[in-house]
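J.: Mind looking over this structure? Questions follow.
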Amino acid sequence: MISLILQGATRLLVALILLFSVYMLMRGHNLPGGGFIAGLIASAAFVLYALAWSLREAREALRVSPVKLAAIGALISLASAVPGMLKGFPPFTGLWLFIGGGAGDKGIPISTVLLFDVGIYLAVLGAVLALFFTIEED
Amino acid sequence: MDTEVHSGDQPPTGWGERIWSLVLLAFPLGVTLWLLSMIGPVREHAPIVFGISWIPSLGVELNFLIDGLSLLFGLLISGVGFFVALYAKFYLRGHPLIQRFFFYLLLFMLGMLGLVLAGNLITLFVFWEITTIASYLLIGFNHEKASARRSALQALLITAMGGLALLAGLLLLGMIVGSYNFTEVLVAKQQVQAHPLYLPIVILVLIGAFTKSAQLPFHFWLPNAMAAPTPVSAYLHSATMVKAGIYLLARMCPVLGGSDVWLLTLNIVGALTAVIAAILAMRQTDLKLALAYTTVVALGILVMFLGSEASVAIAAAITFILVHSFYKAALFMVVGIIDHQTGTRELTSLGGLGKRMPITFGIAAAAGFSMAGFPPFLGFIGKELKYEGALAIAEEPTFVAWAAVFANALMVAIAATVALRPFWGRLPEKLQSVREAPPGLWISPLVMALLGLTFGLAPSLVATTLVGPAVTATMGQEETVVLKLWHGINLPLVMSITTFALGVLAFYLQPNIRALLNRIANWLPRNSDTQWDRGLNAFKWAAGVHTRHIQHGILKQYLAAVFAVTSVLLLWGLMRSGGFDMDVDWERLTVKEWAAMALVFAGSLVAIGCRAPLTAICSLGGMGVGIALIFLFFGAPDVAITQLLVETLFLVLVAMTLHRLPHSTEVSGRRVRFVDALLAVSVGTTVCLTLLAVLQQPLISPTKEYFELASVPEAFGRNIVNVILVDFRALDTFGEVVVVLVAAVGAAALLRRKLKPRVPIAAAKEERA
Amino acid sequence: MESALVLVIGVMVAAGVYLMLAANLLCYLFGLILLSNAANLVIFVAGRLTRAVPPLIPKGQEAPVVPVANALPQAMILTAIVIGFGLLAFTLALVVACYRELDTIDSDHMRLAEPPPDSGEH
Amino acid sequence: MQLFLMNILLAISWCALTSDATLDNVVIGMVVGFLAMALSPVRKFNNSYFRRLPKVLILIGYFLKELVLSGLRATWEVLAPASNRLPCVVEVSTDFSDQNQLLLLSQLISLTPGTLVVDIDDEKKLLYVHSMFTSDAEQFRKELREGLERRIREALD
Amino acid sequence: MLQAILDGSSAILALAITLASWLLLLALGLCFYRIARGPTLADRVVALDVLNILAVAYCALLAISSGRDVYLDAAIALALVAFLVTVAFGRFVERNIEDDAPEVAENGGIDDSEHS
Amino acid sequence: MIQSILEWALALLIISGSFFGFTAALGLVRMRDIYLRMSTSGKGATLCCGLLLLGVALLFQDTGVTARAVAAILFLLLTVPVGAHMIARAAFRTGTPMWDGESLKPPKPPKPSRPLKPAEPGLPKDIE
Amino acid sequence: MGWLLALPFLLPIATGLLAMAARRRPRQARAISLAGCIGLFVVVVIIFVRVLDQGTIAAQMGNWPAPFGISLVVDRLSAIMLLLAGLVGLAVAIFAQADVDLRREVLGFQGFYQLLLAGVCGSFVTGDLFNLYVWFEVMLIASFALLILGGERAQLDGGIKYVALNLVSTLFMLMAIGMVYGLTGTLNMAALHVAFAEVDQPAALHMLAVLLIVAFGIKAALFPLYFWLPASYHVPPVAVTAVFAGLLTKVGVYALIRTFTLIFPADFRFAHDLLLIAALLTMLSGVIGAASQFEFRKILAFHIISQIGFLVLGLALFSPLALAGSIFYMVHNIVAKTNLLLISGTARRMAGSFKLAEIGGLYRASPVLAAVFFIAAFSLAGFPPLSGFWAKLMLVSASLEQAAYWVAAVALITGALTLFSMSKIWSEAFWKPHPQDGVRALASLSATERVQRMLPAILLVAISLGLGLFPQPLIHFCEVAAKELLDPAAYVATVLPARDG
Ligand code: NA
Ligand code: NA
């Protein structure tokens, strides 16, 4: 059933796809990409994993149940609103912190917006995987 | 027939029952006394109005108006109500549902009193409908019998439909007058009758009144309503509820009355009702049914008299209301006693009870004489007045007079039948052990009968206190009424004697008449009651047909309907708008743009051209690429990437499920698909047109500029799309993630059946209990 | 160029509707895909087209230097695509479940919730 | 060690993707690469890529040459009005001891236009190769053994 | 050169790009022909696969013709992920013969043009 | 001068690349069986991509772009044969007919070494 | 303020996520869900009081000014809808504790339920058209899941039809929203009000109105777009039907009201004509459909349709009284309809079936249930002095005021036919003896279950009665709400910062 060639290629591909997904996530705020796209790409990696190896191994690799992952992602997105709340802003207000900024260079940004995007990434990943795993195991 | 009646071995009465019966007795008694105290003030002063503002927004006040008319009805309701309640307490003692019975009866009394005392059209209507509900519950009291349920439904539907007509009429009336309060409505005769809506109002109000008062052609529900326990019949269907319609007519006389249409309609409908109901009454062998039909006769006569401008006719009507309430309530209660003691109401199986039940016999005779219009009972005065009134009605004296004579003659016969026949003759074998009823049962009818006699002997007791003010209120002008037992020898007396002679004749010929009528009835097509059934069945049938054709269960036809509606409405919208000047910009597309569009084009066409789903899925993949390219060409790389990813993932998902789906399915016929194709093309075209119409308006988007200017300085992002997604409109993104999450868990719930709670099922069940 | 795309949308809508009207639920699903893609394109076209200038702000700039494509419709489409994916995937699962339980994906034969009148029910 | 190399490879890929070779980005690349490996079946690797880098480069060069040549030939086949091609499926037995080399071989065969691995039997180390230009199975096997198979072994053993 | 692309001053590049666009357009059309004709599912999937790869090429061409590198990301994403479809369909075809081997194997497994 | 040479080189890359793409698609249409179609098309398309991506690298002459272009080529080289193999294997195992020069005939019955068994059901974690 | 207005959906989402995570520990999930519903109720009451006090309130998500960020706006209409959502949410949540079986809870019932409420509340709160679409989708997908949860055969069949038709609606809605954006360049409803006044493309206006009416009309179950409702509402557990009946279709009506009061110009006769025709046909078709049914729940399902007609009627007549009547009708209908469905569930528990032919005897066995049903049913039929009467009165008066006599006639006839169906249920399920003598008394249930089943019903019936006897405060509220709807200037001013010129 399972092709050795597929399995062999998957070894490298899964890592590459995941890498690519993180890349897309990180640069999303400035260039094409973002939590959605990255989440979809990452889920493609695990789908490939499941197709090439087995559902069980894909689940093991993921370590958390996809639904839980998705819920955690959504809650992270929600949690990104908490700093704003503490400062008295309405929900989904972005707060930015620039570390080590200088003239012309704002420094490394840390923001609730990015946290929100990471939450979206995890939520999309978890939800899409939950769909695939359910359909695959049925 | 009241099988629930327990005669000898009554279980002890519970506390609930005692409290309810106490309330039920105390309430009407209190109201009676209060209303009696109002007689003086009402006679001396203008109508008394009091109440509170209820719904000022709608002009509805919870206010009450006490004038002669409402006082008369109020006293009848509370007075007769008290005695009926007393009777019911004994009649239904120990019945398992007696508390509910008391509650319904109380509700009914409340409704009825509110109805006649209401000083606001809407308030009146509210109480009107309360009586409808209460009577529904009371008619269906013996709910385990199918016939009781049917009768209750019939009464409910007919009176409620009338009620809705009435509501419409009252609303229109209120709209014209500018107020729902009687104080203003009753003085607006000129204004109302000149209004173009006057005729509709009259028709609507009359429908309301006629349904409630069982006038032709709505008369049939009333005899069927005899499925109710006898105290209910005595109360609702003789003394009170059916008179609500009469009250309404009388109440509306000052504002709606006097016109030709009003007078003529009331005369004709009333006369027809009286005559036909009288004939129908002759056919009955069930005592209660016979009485029920005579109630219809009485109501017909009342309606007939209200269709008059002569004060004597109105006076006749008012007096007759009084008379009828007393004797009919008494007779119903008598029939109830007979039923209670013998277990039957069937005329043919009764006889010779006079010796066993002398008190009942006496009451029956007194009430019967009153009904037959014998002096010195109040009935006699009533009848004399009736003839006088009939002669006084201007338009159709002969017609009305003949109708009155005819109906009264048959009433005499029926009075004799009901009041005398069960007590005469030979006592049947089965009834040898029958005894006289306990006093609790006969006290009430006795009082009723005695009141009939008392007022007959001293008519002035009621003439000035009740009848006069009532007539005044009905006429809308000051009237004095004189009631006398002896008027001298005049035309009404002659008519009375004729009536009596005819009645006695009819009484003796009754079996023959009954047989004759039955033969005619068999020969006639159908009566109203069966017509009602046919109508109801026809409605149910039509409803079934409607639903089968609309809600047929075939998905693709549902979809076709939705699509057809959409495209037709879009076209209609286009036409209504007057169309638009299409400014199509066939700007030159580059090759690669053509390529992308051609891909989409081809993908769509291949998808529909192929007959198997597997081909379609591949062509859709190709189409997805085309769409992504379009996004890419027109400056949307984010969207393009997402599109490609989603398309890919979805195809994978489909591929993963395909082995669990059938490969081939039936294909619809060519003709069906042709229609589908037409529909599809029309939807496509109309959507196209809509979009083109939208594109004709130049887009001025302040948001576009704002996002471009704010992205970097305020949101610190260079990818504006992403900044919108995670910052400007993060809420959308969040919601959308929730959608995908729910979709995933939902799909899991669909497909997984192995999922179990962490706790074993049994434990979980215990835990929940 | 919008007009050409409008035409493409029209074809997609027509094809989608045609597929949805087939009794086969899989065909319905494919029609749905077509229609949902068409809806996305509608948003895209309605937001007006600009050739090949993505809404990205170059490094060192505070705002786009050349006119860029309208970003808001793109964000809407992204949202709609992902939502559409969820809905479509759920529908697919539903079709699979239907075939498993009802043994058909022909909607003409799905008469359990609304049985035909001659099947003994009213 | 191999995993570490792998991690470095991934970090380099990361830097390539992000077009940023600063130190902190390399560190990020290492971290991301490590996480990616942790989630992927990379740990099932047990060979080394970089032991014989020159041989690898030779292999790549050889492969690219083959790719272009057979690509041109395939193009000719497609465009030619008639052709003398006699496609067939050839069973090719290999004697790789390492499964990964077998996989690499099959991958490269598949990449070359005109040939295609249709199935694989890893116990017998047997490849089923579809070839569109060869009618002589023996000849084909020999070319394969002399060409790709040898170079792979040289590069990876 | 980038500038030449952006302001369209290089005739040869413009010609090359136009020519390439036409060629790729034709190529995509041919892929569609195969998707439509089949005759087996495998044929269609192969055609879809080629279509996806050509789309990567198209992205590259777009990057060249527009002078913007963002389209490269679309190309990478597609290159990494698109083959999943092929893999999944290949798996389906095989699963299918396992599920109902005799009947399907006879008509080439998945020749859906004969099914309907 | 260099500029012009580069332009010519780029034009050559573009045209040859797209030409390979075109022939790949043509092969898809002209070849008689699925194996031949796969042999001629997938790789041709890959070649096409490769050349065009090289063209991108040449055009931008930027490390980042070049790196990504090369990455894209590598990814393609990694994925395309896998996909082709999966389909070829499926076609082979399902006995899709093969062109032997004259007509379509079924291929030799495949002899898979492993018994064909379904993928392990893989009990999901949150179910037990 | 921003948090207060966001809580109606954030709270159920958070609860829903937690409940979903805990779905395999039913007791915890149930507790989470119930707590969430109580919390939601408190939140909506606070919002309601705030709106009573201050009028329309608004907040900007992400602190981005309108019309660029997403606005949350609660005016009186939104506030009362939110209040009802909180009320129905709580009532059904309590009921569901007794009614929904363990298997469905393990599959995630509580989570889906909470997310459904989130979608509903989000739709009521949002002041942004595209955000409305998102909330519709949240609601829709949660309703899909709830509908098929359990996977019984009939559920799948009904589910397919529900899903198939609602997805069409969703796509039309998406297209329409895209085009609205294309016409005006904004998505903020208040800004759309301003922008639509300046649109001079009548064709676009007309056709967009049609698309929106079709899209929302499918959700609201207008004739002839309602097929999905009778096809599916009788298949899930009754708690699900109850919350669907109470809230889902009403969200469609809410969207219609919002769209055609706020966004489209007030003098847009075409839409009102279209809505009027649809409303009349819906009223009749629904009630006639109900007359043809012989199952408790199916009858109620068809009545939902009929009453949607009344709700839309008020919008179509477009006068202060009519709109106030619509809102009052909404309140009345949500309370009564939800209650009737809850009662139908308990009736089945007691008598064993939804089929009227197979049940009976409830009048004797469960007098409390009978009383509650009777009041709710006659309220639905528009009998005074119950809440439905005032609702009907307002709408009929509004029709008569506009000399739309046929409309009034249809409304009244529909009332009579409603009565027919309600009395059919009463007669068959309550009065008629049970054919197999298999009816149980309420008292035979455990005390917990009795409370879980009857507490919501009694609560809701008390509200029905209260609204019937003392309707003035609500009617006054509705009048003010209608005035707000007819003159959105205040709404616009609250949402949009002061505009120059
Ligand atoms: Na709102
Ligand atoms: Na709003």
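How things are named: the first chain in the structure tokens is A, the next is B, and so on; residues count from 1 in each chain; ligands count from 1 in the order shown.
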Should the cut-off be 10 Å, what would the residue list for chain D against chain F look like, counting only C-alpha atoms, as a ChimeraX atom specification?
T.: /D:12-21,67-68,70-79,81,83-89,106-126,128,130-132,135
J.: Write out as number ranges by chain which residues come within 10 Å of G:Arg450 when counting only C-alpha atoms, dropping same-chain ones fewer than 6 positions away.
T.: G: 95, 98, 346, 442-444
J.: Please write the residues from the selection above to a file, keeping C-alpha atoms, as a PDB file, in the first residue's frame.
T.:
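Printed below is selection_3.pdb as written:
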ATOM      1  CA  PHE G  95     -33.741  21.979  29.181  1.00  0.00           C
ATOM      2  CA  ALA G  98     -32.411  16.708  30.581  1.00  0.00           C
ATOM      3  CA  THR G 346     -41.453  16.883  27.360  1.00  0.00           C
ATOM      4  CA  LEU G 442     -44.605  14.423  35.179  1.00  0.00           C
ATOM      5  CA  ALA G 443     -44.374  13.337  38.758  1.00  0.00           C
ATOM      6  CA  SER G 444     -42.855  10.061  37.626  1.00  0.00           C
TER       7      SER G 444
END
J.: When the cut-off is 9 Å and we count only C-alpha atoms, which residues of chain B are near chain E, given as an NGL selection string?
T.: :B and (590-592 or 594-596 or 598-599 or 602-603 or 606-607 or 609-616 or 618-619 or 621-622 or 625-626 or 629 or 632-633 or 637-638 or 640-641 or 644-645 or 648-660 or 663-667)
J.: Could you report the residues within 7 Å of ligand 2, using only C-alpha atoms and all ligand atoms, as JSON, numbers by chain?
T.: {"G": [72, 73, 74, 75, 78, 124, 125, 126, 127]}
J.: Residues of chain G were defined as contacting chain F if any atom lay at most 12 Å from it, counting only C-alpha atoms; please report them as a ChimeraX atom specification.
T.: /G:21-24,106-107
J.: Suppose we keep C-alpha atoms; can you now write the selection as a CSV table (one decimal), in the first residue's frame?
T.:
chain,number,residue,atom,x,y,z
G,21,ALA,CA,-12.2,20.5,25.0
G,22,ALA,CA,-14.1,18.8,27.8
G,23,ARG,CA,-16.6,17.1,25.6
G,24,ARG,CA,-15.7,13.7,26.8
G,106,VAL,CA,-19.8,13.3,24.1
G,107,LEU,CA,-19.8,14.3,20.4
J.: Any idea what's packed within 8 Å of stretch 19-24 of chain A, counting only C-alpha atoms, ignoring anything in its chain fewer than 4 positions away? Could you give it as a list in words?
T.: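 Once the adjacent positions are removed, what remains is Ala15, Gly28, Pro32, Gly33, Gly34, Gly35, Ile37, Ala38, Gly39, Ile41 and Ala42 of chain A; Leu10, Trp14, Leu17, Thr18, Val32, Gly33 and Ala36 of chain D.
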J.: Could you please take those selected residues and save N, CA and C atoms as a PDB file, in the first residue's frame?
T.:
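Resulting contents of part.pdb:
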ATOM      1  N   ALA A  15       9.679  18.001   6.855  1.00  0.00           N
ATOM      2  CA  ALA A  15      10.479  19.019   7.537  1.00  0.00           C
ATOM      3  C   ALA A  15      10.527  20.297   6.711  1.00  0.00           C
ATOM      4  N   GLY A  28       4.704  37.048   7.334  1.00  0.00           N
ATOM      5  CA  GLY A  28       3.370  37.374   6.853  1.00  0.00           C
ATOM      6  C   GLY A  28       2.959  38.820   7.040  1.00  0.00           C
ATOM      7  N   PRO A  32       3.669  38.485   1.480  1.00  0.00           N
ATOM      8  CA  PRO A  32       2.593  37.483   1.424  1.00  0.00           C
ATOM      9  C   PRO A  32       2.846  36.348   2.407  1.00  0.00           C
ATOM     10  N   GLY A  33       1.804  35.946   3.052  1.00  0.00           N
ATOM     11  CA  GLY A  33       1.929  34.893   4.066  1.00  0.00           C
ATOM     12  C   GLY A  33       0.989  35.199   5.212  1.00  0.00           C
ATOM     13  N   GLY A  34       1.366  34.740   6.394  1.00  0.00           N
ATOM     14  CA  GLY A  34       0.524  34.998   7.549  1.00  0.00           C
ATOM     15  C   GLY A  34      -0.016  33.701   8.133  1.00  0.00           C
ATOM     16  N   GLY A  35      -0.739  33.873   9.207  1.00  0.00           N
ATOM     17  CA  GLY A  35      -1.205  32.713   9.978  1.00  0.00           C
ATOM     18  C   GLY A  35      -2.028  31.714   9.180  1.00  0.00           C
ATOM     19  N   ILE A  37      -2.174  31.164   5.814  1.00  0.00           N
ATOM     20  CA  ILE A  37      -1.435  30.462   4.776  1.00  0.00           C
ATOM     21  C   ILE A  37      -0.476  29.488   5.431  1.00  0.00           C
ATOM     22  N   ALA A  38       0.225  29.985   6.456  1.00  0.00           N
ATOM     23  CA  ALA A  38       1.188  29.140   7.123  1.00  0.00           C
ATOM     24  C   ALA A  38       0.502  27.934   7.754  1.00  0.00           C
ATOM     25  N   GLY A  39      -0.630  28.176   8.351  1.00  0.00           N
ATOM     26  CA  GLY A  39      -1.357  27.055   8.964  1.00  0.00           C
ATOM     27  C   GLY A  39      -1.764  26.025   7.931  1.00  0.00           C
ATOM     28  N   ILE A  41      -0.268  25.463   5.102  1.00  0.00           N
ATOM     29  CA  ILE A  41       0.921  24.761   4.625  1.00  0.00           C
ATOM     30  C   ILE A  41       1.353  23.710   5.652  1.00  0.00           C
ATOM     31  N   ALA A  42       1.348  24.131   6.918  1.00  0.00           N
ATOM     32  CA  ALA A  42       1.761  23.188   7.948  1.00  0.00           C
ATOM     33  C   ALA A  42       0.844  21.976   7.972  1.00  0.00           C
TER      34      ALA A  42
ATOM     35  N   LEU D  10      18.830  22.418   7.199  1.00  0.00           N
ATOM     36  CA  LEU D  10      17.540  23.102   7.310  1.00  0.00           C
ATOM     37  C   LEU D  10      17.746  24.578   7.650  1.00  0.00           C
ATOM     38  N   TRP D  14      16.555  27.743   5.647  1.00  0.00           N
ATOM     39  CA  TRP D  14      15.825  28.849   6.276  1.00  0.00           C
ATOM     40  C   TRP D  14      16.412  30.188   5.866  1.00  0.00           C
ATOM     41  N   LEU D  17      15.532  30.938   2.398  1.00  0.00           N
ATOM     42  CA  LEU D  17      14.135  31.377   2.258  1.00  0.00           C
ATOM     43  C   LEU D  17      13.977  32.813   2.712  1.00  0.00           C
ATOM     44  N   THR D  18      14.572  33.098   3.869  1.00  0.00           N
ATOM     45  CA  THR D  18      14.353  34.436   4.415  1.00  0.00           C
ATOM     46  C   THR D  18      15.306  35.442   3.793  1.00  0.00           C
ATOM     47  N   VAL D  32      14.092  26.580  14.266  1.00  0.00           N
ATOM     48  CA  VAL D  32      12.954  26.177  13.454  1.00  0.00           C
ATOM     49  C   VAL D  32      13.219  24.822  12.816  1.00  0.00           C
ATOM     50  N   GLY D  33      14.444  24.658  12.317  1.00  0.00           N
ATOM     51  CA  GLY D  33      14.798  23.391  11.694  1.00  0.00           C
ATOM     52  C   GLY D  33      14.711  22.258  12.696  1.00  0.00           C
ATOM     53  N   ALA D  36      11.118  21.478  13.209  1.00  0.00           N
ATOM     54  CA  ALA D  36      10.573  20.813  12.042  1.00  0.00           C
ATOM     55  C   ALA D  36      11.011  19.355  12.016  1.00  0.00           C
TER      56      ALA D  36
END
